[in-house]
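Trainee: Input work-v4.tsv, format and content: TSV, C-alpha atoms.
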```
chain	number	residue	atom	x	y	z
M	88	MET	CA	41.62	-14.47	-16.43
M	89	ALA	CA	40.46	-17.21	-14.08
M	90	HIS	CA	39.63	-14.59	-11.45
M	91	ASP	CA	37.56	-12.56	-13.94
M	92	THR	CA	35.71	-15.70	-15.01
M	93	THR	CA	34.96	-16.60	-11.40
M	94	PHE	CA	33.72	-13.06	-10.69
M	95	ALA	CA	31.51	-13.08	-13.79
M	96	ASP	CA	30.05	-16.46	-12.83
M	97	ALA	CA	29.32	-15.23	-9.30
M	98	HIS	CA	27.69	-12.05	-10.61
M	99	SER	CA	25.57	-14.05	-13.06
M	100	GLU	CA	24.52	-16.43	-10.30
M	101	HIS	CA	23.55	-13.45	-8.11
M	102	GLU	CA	21.42	-11.95	-10.89
M	103	HIS	CA	19.66	-15.27	-11.47
M	104	HIS	CA	18.98	-15.46	-7.73
M	105	GLU	CA	17.47	-11.96	-7.57
M	106	LEU	CA	15.31	-12.16	-10.72
M	107	PRO	CA	13.05	-14.97	-9.41
M	108	THR	CA	12.55	-12.89	-6.24
M	109	VAL	CA	11.19	-9.92	-8.19
M	110	PHE	CA	9.15	-12.22	-10.43
M	111	GLY	CA	7.72	-13.96	-7.36
M	112	PHE	CA	6.67	-10.58	-5.98
M	113	TRP	CA	4.81	-9.81	-9.21
M	114	VAL	CA	2.99	-13.12	-8.75
M	115	TYR	CA	2.10	-12.07	-5.20
M	116	LEU	CA	0.68	-8.77	-6.50
M	117	MET	CA	-1.45	-10.70	-8.97
M	118	THR	CA	-2.92	-12.75	-6.12
M	119	ASP	CA	-3.62	-9.50	-4.27
M	120	CYS	CA	-5.46	-8.25	-7.36
M	121	ILE	CA	-7.65	-11.35	-7.18
M	122	ILE	CA	-8.35	-10.75	-3.47
M	123	PHE	CA	-9.33	-7.11	-3.96
M	124	GLY	CA	-11.26	-7.93	-7.12
M	125	SER	CA	-13.30	-10.46	-5.15
M	126	LEU	CA	-13.96	-7.94	-2.37
M	127	PHE	CA	-15.07	-5.31	-4.88
M	128	ALA	CA	-17.41	-7.88	-6.46
M	129	VAL	CA	-18.91	-8.68	-3.06
M	130	PHE	CA	-19.41	-4.97	-2.37
M	131	ALA	CA	-21.08	-4.55	-5.77
M	132	VAL	CA	-23.61	-7.22	-4.84
M	133	LEU	CA	-24.30	-5.93	-1.33
M	134	HIS	CA	-23.98	-2.15	-1.72
M	135	ASN	CA	-27.77	-1.65	-1.63
M	136	GLN	CA	-28.46	-4.05	1.24
M	137	PHE	CA	-28.92	-1.57	4.10
M	138	ASN	CA	-31.36	-3.57	6.26
M	139	GLY	CA	-32.92	-0.35	7.50
M	140	GLY	CA	-29.51	0.98	8.53
M	141	PRO	CA	-27.63	4.08	7.42
M	142	THR	CA	-26.51	4.50	3.82
M	143	GLY	CA	-23.15	5.64	2.57
M	144	LYS	CA	-24.57	9.08	1.86
M	145	GLU	CA	-25.51	9.41	5.53
M	146	LEU	CA	-22.19	8.09	6.86
M	147	PHE	CA	-19.33	9.29	4.68
M	148	GLU	CA	-17.74	12.74	4.95
M	149	LEU	CA	-15.95	14.01	1.87
M	150	SER	CA	-13.53	16.25	3.77
M	151	GLY	CA	-12.03	13.40	5.79
M	152	LEU	CA	-11.86	11.18	2.72
M	153	ALA	CA	-10.08	13.90	0.77
M	154	MET	CA	-7.46	14.16	3.52
M	155	GLU	CA	-6.92	10.37	3.56
M	156	THR	CA	-6.58	10.33	-0.22
M	157	ALA	CA	-4.15	13.26	-0.23
M	158	LEU	CA	-1.93	11.62	2.39
M	159	LEU	CA	-1.71	8.34	0.51
M	160	LEU	CA	-1.15	9.91	-2.92
M	161	ILE	CA	1.53	12.27	-1.60
M	162	SER	CA	3.22	9.29	0.08
M	163	SER	CA	3.64	7.72	-3.35
M	164	ILE	CA	5.37	10.87	-4.56
M	165	THR	CA	7.73	10.92	-1.58
M	166	TYR	CA	8.52	7.25	-2.11
M	167	GLY	CA	9.33	8.09	-5.72
M	168	PHE	CA	11.82	10.70	-4.48
M	169	GLY	CA	13.31	7.98	-2.29
M	170	MET	CA	13.80	5.71	-5.30
M	171	ILE	CA	15.51	8.54	-7.21
M	172	ALA	CA	17.87	9.00	-4.27
M	173	ALA	CA	18.48	5.24	-4.16
M	174	HIS	CA	19.55	5.20	-7.79
M	175	LYS	CA	22.00	7.99	-6.96
M	176	GLY	CA	23.33	5.99	-4.01
M	177	GLU	CA	22.33	8.65	-1.45
M	178	ILE	CA	21.50	6.51	1.59
M	179	LYS	CA	20.63	9.37	3.96
M	180	SER	CA	18.22	10.86	1.42
M	181	VAL	CA	16.60	7.46	0.89
M	182	MET	CA	16.11	7.06	4.65
M	183	MET	CA	14.67	10.57	4.92
M	184	TRP	CA	12.14	10.02	2.12
M	185	LEU	CA	11.20	6.62	3.53
M	186	ALA	CA	10.59	8.28	6.92
M	187	VAL	CA	8.38	10.94	5.31
M	188	THR	CA	6.48	8.22	3.43
M	189	PHE	CA	6.03	6.34	6.71
M	190	LEU	CA	4.58	9.38	8.47
M	191	LEU	CA	2.15	10.06	5.63
M	192	GLY	CA	1.06	6.41	5.60
M	193	LEU	CA	0.69	6.44	9.37
M	194	GLY	CA	-1.52	9.51	9.08
M	195	PHE	CA	-3.68	7.68	6.55
M	196	VAL	CA	-4.11	4.66	8.84
M	197	PHE	CA	-4.88	6.94	11.80
M	198	LEU	CA	-7.65	8.75	9.91
M	199	GLU	CA	-9.08	5.45	8.70
M	200	LEU	CA	-9.17	4.01	12.22
M	201	LYS	CA	-10.76	7.25	13.45
M	202	GLU	CA	-13.44	6.90	10.77
M	203	PHE	CA	-14.11	3.28	11.77
M	204	ALA	CA	-14.33	4.18	15.45
M	205	HIS	CA	-16.79	7.00	14.73
M	206	MET	CA	-19.00	4.77	12.58
M	207	ILE	CA	-19.07	1.98	15.17
M	208	ALA	CA	-19.85	4.49	17.93
M	209	GLU	CA	-22.80	5.68	15.85
M	210	GLY	CA	-24.13	2.12	15.63
M	211	ALA	CA	-22.92	1.61	12.06
M	212	GLY	CA	-20.58	-1.31	12.67
M	213	PRO	CA	-19.96	-4.24	10.32
M	214	ASP	CA	-22.79	-6.24	11.93
M	215	ARG	CA	-25.42	-3.57	11.18
M	216	SER	CA	-26.08	-4.49	7.54
M	217	ALA	CA	-24.68	-6.39	4.57
M	218	PHE	CA	-23.58	-3.07	3.05
M	219	LEU	CA	-21.51	-2.21	6.11
M	220	SER	CA	-20.08	-5.73	6.35
M	221	ALA	CA	-18.84	-5.49	2.76
M	222	PHE	CA	-17.58	-1.95	3.36
M	223	PHE	CA	-15.60	-2.76	6.50
M	224	THR	CA	-14.13	-5.92	4.95
M	225	LEU	CA	-12.91	-4.17	1.80
M	226	VAL	CA	-11.60	-0.97	3.38
M	227	SER	CA	-9.99	-2.68	6.38
M	228	THR	CA	-8.23	-5.16	4.08
M	229	HIS	CA	-6.67	-2.23	2.25
M	230	GLY	CA	-5.78	-0.61	5.58
M	231	LEU	CA	-4.14	-3.83	6.75
M	232	HIS	CA	-2.01	-3.85	3.61
M	233	VAL	CA	-0.95	-0.25	4.25
M	234	SER	CA	-0.03	-1.20	7.83
M	235	CYS	CA	2.13	-4.06	6.53
M	236	GLY	CA	3.76	-1.58	4.16
M	237	LEU	CA	4.59	0.69	7.10
M	238	ILE	CA	6.30	-2.20	8.90
M	239	TRP	CA	8.22	-2.94	5.70
M	240	ILE	CA	9.35	0.70	5.47
M	241	VAL	CA	10.66	0.66	9.05
M	242	THR	CA	12.50	-2.60	8.34
M	243	LEU	CA	14.24	-1.11	5.30
M	244	ILE	CA	15.19	2.05	7.21
M	245	VAL	CA	16.83	-0.09	9.90
M	246	GLN	CA	18.66	-2.15	7.27
M	247	LEU	CA	19.84	0.97	5.42
M	248	ALA	CA	21.13	2.49	8.68
M	249	GLY	CA	23.73	-0.24	8.90
M	250	THR	CA	25.07	0.06	5.35
M	251	THR	CA	27.51	2.34	3.53
M	252	ALA	CA	26.28	1.57	0.00
M	253	ILE	CA	23.04	0.44	-1.62
M	254	SER	CA	23.55	-3.08	-2.90
M	255	GLU	CA	21.66	-4.66	-5.77
M	256	ARG	CA	19.74	-6.76	-3.26
M	257	MET	CA	18.70	-3.66	-1.30
M	258	MET	CA	17.67	-1.96	-4.54
M	259	ASN	CA	15.45	-4.94	-5.33
M	260	LYS	CA	13.86	-4.67	-1.88
M	261	LEU	CA	13.19	-0.97	-2.42
M	262	THR	CA	11.77	-1.70	-5.88
M	263	MET	CA	9.41	-4.38	-4.58
M	264	LEU	CA	8.16	-2.08	-1.81
M	265	SER	CA	7.68	0.61	-4.45
M	266	LEU	CA	5.51	-1.75	-6.50
M	267	PHE	CA	3.53	-2.67	-3.37
M	268	TRP	CA	3.03	0.93	-2.26
M	269	HIS	CA	1.93	2.20	-5.67
M	270	PHE	CA	-0.38	-0.81	-6.00
M	271	LEU	CA	-2.08	0.21	-2.75
M	272	ASP	CA	-2.54	3.72	-4.16
M	273	ILE	CA	-4.29	2.31	-7.21
M	274	VAL	CA	-6.54	0.17	-5.03
M	275	TRP	CA	-7.38	3.17	-2.85
M	276	ILE	CA	-8.36	5.25	-5.88
M	277	CYS	CA	-10.79	2.45	-6.79
M	278	VAL	CA	-12.09	2.34	-3.20
M	279	PHE	CA	-12.47	6.11	-3.05
M	280	THR	CA	-14.29	6.25	-6.38
M	281	TYR	CA	-16.44	3.15	-6.29
M	282	VAL	CA	-17.10	2.66	-2.58
M	283	TYR	CA	-17.20	6.20	-1.21
M	284	LEU	CA	-18.12	8.57	-4.04
M	285	ALA	CA	-20.59	6.17	-5.70
M	286	SER	CA	-22.27	5.57	-2.32
M	287	MET	CA	-22.61	9.30	-1.72
M	288	ILE	CA	-24.29	10.05	-5.06
```
What would the structure in this file look like if it were written as structure tokens?

Mentor:
Amino acid sequence: MAHDTTFADAHSEHEHHELPTVFGFWVYLMTDCIIFGSLFAVFAVLHNQFNGGPTGKELFELSGLAMETALLLISSITYGFGMIAAHKGEIKSVMMWLAVTFLLGLGFVFLELKEFAHMIAEGAGPDRSAFLSAFFTLVSTHGLHVSCGLIWIVTLIVQLAGTTAISERMMNKLTMLSLFWHFLDIVWICVFTYVYLASMI
């Protein structure tokens, strides 16, 4: 009886330790919402300030943007498969889906950097106009978040490689990364719609 009571107390203490971690991550996501909301507001103010430079309609290519969007949206689906495998306790499947998600995210970052390099080479860098300054700041901030997510994915793969079972703590880590990754998808949909498509109309 004493052993059962001790075990129950330890389990309860563990749950109370993990819950603030997840709650704290939700708070972090709220601060990220404020950051991106501010950047979208800045872009809204400056989106017509071209200073004689190129407009979004002259710069953006829909085919490349469609590929970037597809890669990021599909990566959310593959991460979802990883979470399903995690709930089943299938470590190898989780690692495989995380690796696929990583490759898709890496492809997205590569295409975004390629786009930036092309624009700068054409003389449409962030110092060309207020429109481009706001564009580069907003889109690169999202890209930086995706890059941090990729590092996080690699970290979890390494941690999973040394385990034989998915603990509650590991499940919380996977859940928080899931929230982060899907949040970036939502932000990208807003970027794609408001920054790219609206600028091309």

Trainee: Expressed in Å to a single decimal, how great is the separation between atom CA of Ala131 of chain M and atom CA of Asp272 of chain M?

Mentor: 20.4 Å

Trainee: Which residue is closest to His205 of chain M? Choose from M:Glu148, M:Leu185, M:Phe267, M:Trp113 and count all atoms listed in the file.

Mentor: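 Among the listed residues, M:Glu148 lies closest to His205 of chain M.
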
Trainee: Counting only C-alpha atoms, what is within 10 Å of Val129 of chain M, bar same-chain residues fewer than 5 positions away, as a PyMOL selection string?

Mentor: chain M and resi 123-124+134+217-218+220-222+224-225

Trainee: Find the spatial neighbours of segment 193-196 of chain M, counting all atoms listed in the file, within a cut-off of 9 Å - ignore same-chain residues fewer than 5 positions away - and output them as a JSON list (two decimals) with C-alpha atoms, in the frame of the given file.

Mentor:
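Here's the written file around.json:
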```json
[["chain", "number", "residue", "atom", "x", "y", "z"],
["M", 154, "MET", "CA", -7.46, 14.16, 3.52],
["M", 155, "GLU", "CA", -6.92, 10.37, 3.56],
["M", 156, "THR", "CA", -6.58, 10.33, -0.22],
["M", 157, "ALA", "CA", -4.15, 13.26, -0.23],
["M", 158, "LEU", "CA", -1.93, 11.62, 2.39],
["M", 159, "LEU", "CA", -1.71, 8.34, 0.51],
["M", 188, "THR", "CA", 6.48, 8.22, 3.43],
["M", 201, "LYS", "CA", -10.76, 7.25, 13.45],
["M", 230, "GLY", "CA", -5.78, -0.61, 5.58],
["M", 231, "LEU", "CA", -4.14, -3.83, 6.75],
["M", 233, "VAL", "CA", -0.95, -0.25, 4.25],
["M", 234, "SER", "CA", -0.03, -1.20, 7.83],
["M", 237, "LEU", "CA", 4.59, 0.69, 7.10]]
```

Trainee: Contacts of Gly210 of chain M at 12 Å or less, counting all atoms listed in the file, minus same-chain residues fewer than 4 places along, as a tab-separated table (two decimals) with C-alpha atoms, in the frame of the given file?

Mentor:
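Below you can see around19.tsv, which holds the result:
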```
chain	number	residue	atom	x	y	z
M	140	GLY	CA	-29.51	0.98	8.53
M	141	PRO	CA	-27.63	4.08	7.42
M	146	LEU	CA	-22.19	8.09	6.86
M	203	PHE	CA	-14.11	3.28	11.77
M	204	ALA	CA	-14.33	4.18	15.45
M	205	HIS	CA	-16.79	7.00	14.73
M	206	MET	CA	-19.00	4.77	12.58
M	214	ASP	CA	-22.79	-6.24	11.93
M	215	ARG	CA	-25.42	-3.57	11.18
M	216	SER	CA	-26.08	-4.49	7.54
M	219	LEU	CA	-21.51	-2.21	6.11
```

Trainee: Work out how far apart atom CA of Val282 of chain M and atom CA of Asn135 of chain M are and give it in Å to one decimal.

Mentor: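 If I compute the distance from atom CA of Val282 of chain M to atom CA of Asn135 of chain M, I get 11.5 Å.
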
Trainee: So, counting all atoms listed in the file, which residue among M:Ile276, M:Glu145, M:Ala211, M:Thr262 is closest to Thr108 of chain M?

Mentor: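 Result for the nearest residue to Thr108 of chain M: M:Thr262.
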
Trainee: Which of these residues is nearest to Ala248 of chain M, using all atoms listed in the file: M:His269, M:Glu177, M:Leu200, M:Phe223?

Mentor: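 Of M:His269, M:Glu177, M:Leu200, M:Phe223, the one nearest Ala248 of chain M is M:Glu177, counting all atoms listed in the file.
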
Trainee: Can you work out the spacing between atom CA of Cys235 of chain M and atom CA of Ser150 of chain M in Å, to one decimal?

Mentor: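 Answer for the atom CA of Cys235 of chain M to atom CA of Ser150 of chain M separation: 25.8 Å.
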
Trainee: When you count all atoms listed in the file, which of these residues is closest to Leu191 of chain M: M:Ala208, M:Leu160, M:Ile178, M:Ala173?

Mentor: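 Of M:Ala208, M:Leu160, M:Ile178, M:Ala173, the one nearest Leu191 of chain M, counting all atoms listed in the file, is M:Leu160.
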
Trainee: For Ser254 of chain M, which residue out of M:Val132, M:Met117, M:Gly176, M:Ser286 is the nearest one, using all atoms listed in the file?

Mentor: M:Gly176

Trainee: Work out where the centre of an axis-aligned box around every listed atom of segment 156-159 of chain M lies and how long its edges are once 6 Å is added on each side; give both in Å to one decimal as lines of an AutoDock Vina configuration file.

Mentor:
```
center_x = -4.1
center_y = 10.8
center_z = 1.1
size_x = 16.9
size_y = 16.9
size_z = 14.6
```

Trainee: Can you complete the atoms of segment 168-186 of chain M to N, CA and C atoms and list them as a PDB file, keeping the file's coordinate frame?

Mentor:
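Listing of selection-v8.pdb after writing:
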```
ATOM      1  N   PHE M 168      10.596   9.944  -4.749  1.00  0.00           N
ATOM      2  CA  PHE M 168      11.820  10.700  -4.480  1.00  0.00           C
ATOM      3  C   PHE M 168      12.871   9.809  -3.817  1.00  0.00           C
ATOM      4  N   GLY M 169      12.398   8.918  -2.951  1.00  0.00           N
ATOM      5  CA  GLY M 169      13.310   7.980  -2.290  1.00  0.00           C
ATOM      6  C   GLY M 169      13.983   7.058  -3.287  1.00  0.00           C
ATOM      7  N   MET M 170      13.232   6.595  -4.279  1.00  0.00           N
ATOM      8  CA  MET M 170      13.800   5.710  -5.300  1.00  0.00           C
ATOM      9  C   MET M 170      14.821   6.460  -6.166  1.00  0.00           C
ATOM     10  N   ILE M 171      14.540   7.731  -6.453  1.00  0.00           N
ATOM     11  CA  ILE M 171      15.510   8.540  -7.210  1.00  0.00           C
ATOM     12  C   ILE M 171      16.811   8.653  -6.431  1.00  0.00           C
ATOM     13  N   ALA M 172      16.680   8.902  -5.117  1.00  0.00           N
ATOM     14  CA  ALA M 172      17.870   9.000  -4.270  1.00  0.00           C
ATOM     15  C   ALA M 172      18.610   7.664  -4.205  1.00  0.00           C
ATOM     16  N   ALA M 173      17.857   6.568  -4.207  1.00  0.00           N
ATOM     17  CA  ALA M 173      18.480   5.240  -4.160  1.00  0.00           C
ATOM     18  C   ALA M 173      19.317   4.987  -5.408  1.00  0.00           C
ATOM     19  N   HIS M 174      18.802   5.385  -6.546  1.00  0.00           N
ATOM     20  CA  HIS M 174      19.550   5.200  -7.790  1.00  0.00           C
ATOM     21  C   HIS M 174      20.811   6.060  -7.820  1.00  0.00           C
ATOM     22  N   LYS M 175      20.811   7.148  -7.064  1.00  0.00           N
ATOM     23  CA  LYS M 175      22.000   7.990  -6.960  1.00  0.00           C
ATOM     24  C   LYS M 175      22.944   7.503  -5.867  1.00  0.00           C
ATOM     25  N   GLY M 176      22.496   6.516  -5.086  1.00  0.00           N
ATOM     26  CA  GLY M 176      23.330   5.990  -4.010  1.00  0.00           C
ATOM     27  C   GLY M 176      23.360   6.849  -2.767  1.00  0.00           C
ATOM     28  N   GLU M 177      22.369   7.734  -2.605  1.00  0.00           N
ATOM     29  CA  GLU M 177      22.330   8.650  -1.450  1.00  0.00           C
ATOM     30  C   GLU M 177      21.508   8.022  -0.324  1.00  0.00           C
ATOM     31  N   ILE M 178      22.187   7.295   0.549  1.00  0.00           N
ATOM     32  CA  ILE M 178      21.500   6.510   1.590  1.00  0.00           C
ATOM     33  C   ILE M 178      20.713   7.399   2.549  1.00  0.00           C
ATOM     34  N   LYS M 179      21.320   8.494   3.001  1.00  0.00           N
ATOM     35  CA  LYS M 179      20.630   9.370   3.960  1.00  0.00           C
ATOM     36  C   LYS M 179      19.351   9.957   3.358  1.00  0.00           C
ATOM     37  N   SER M 180      19.416  10.324   2.084  1.00  0.00           N
ATOM     38  CA  SER M 180      18.220  10.860   1.420  1.00  0.00           C
ATOM     39  C   SER M 180      17.146   9.792   1.293  1.00  0.00           C
ATOM     40  N   VAL M 181      17.563   8.567   0.985  1.00  0.00           N
ATOM     41  CA  VAL M 181      16.600   7.460   0.890  1.00  0.00           C
ATOM     42  C   VAL M 181      15.901   7.269   2.235  1.00  0.00           C
ATOM     43  N   MET M 182      16.679   7.249   3.311  1.00  0.00           N
ATOM     44  CA  MET M 182      16.110   7.060   4.650  1.00  0.00           C
ATOM     45  C   MET M 182      15.161   8.202   5.010  1.00  0.00           C
ATOM     46  N   MET M 183      15.532   9.422   4.631  1.00  0.00           N
ATOM     47  CA  MET M 183      14.670  10.570   4.920  1.00  0.00           C
ATOM     48  C   MET M 183      13.337  10.451   4.196  1.00  0.00           C
ATOM     49  N   TRP M 184      13.376  10.128   2.894  1.00  0.00           N
ATOM     50  CA  TRP M 184      12.140  10.020   2.120  1.00  0.00           C
ATOM     51  C   TRP M 184      11.301   8.837   2.580  1.00  0.00           C
ATOM     52  N   LEU M 185      11.949   7.755   2.984  1.00  0.00           N
ATOM     53  CA  LEU M 185      11.200   6.620   3.530  1.00  0.00           C
ATOM     54  C   LEU M 185      10.498   7.029   4.825  1.00  0.00           C
ATOM     55  N   ALA M 186      11.188   7.821   5.657  1.00  0.00           N
ATOM     56  CA  ALA M 186      10.590   8.280   6.920  1.00  0.00           C
ATOM     57  C   ALA M 186       9.383   9.183   6.652  1.00  0.00           C
TER      58      ALA M 186
END
```
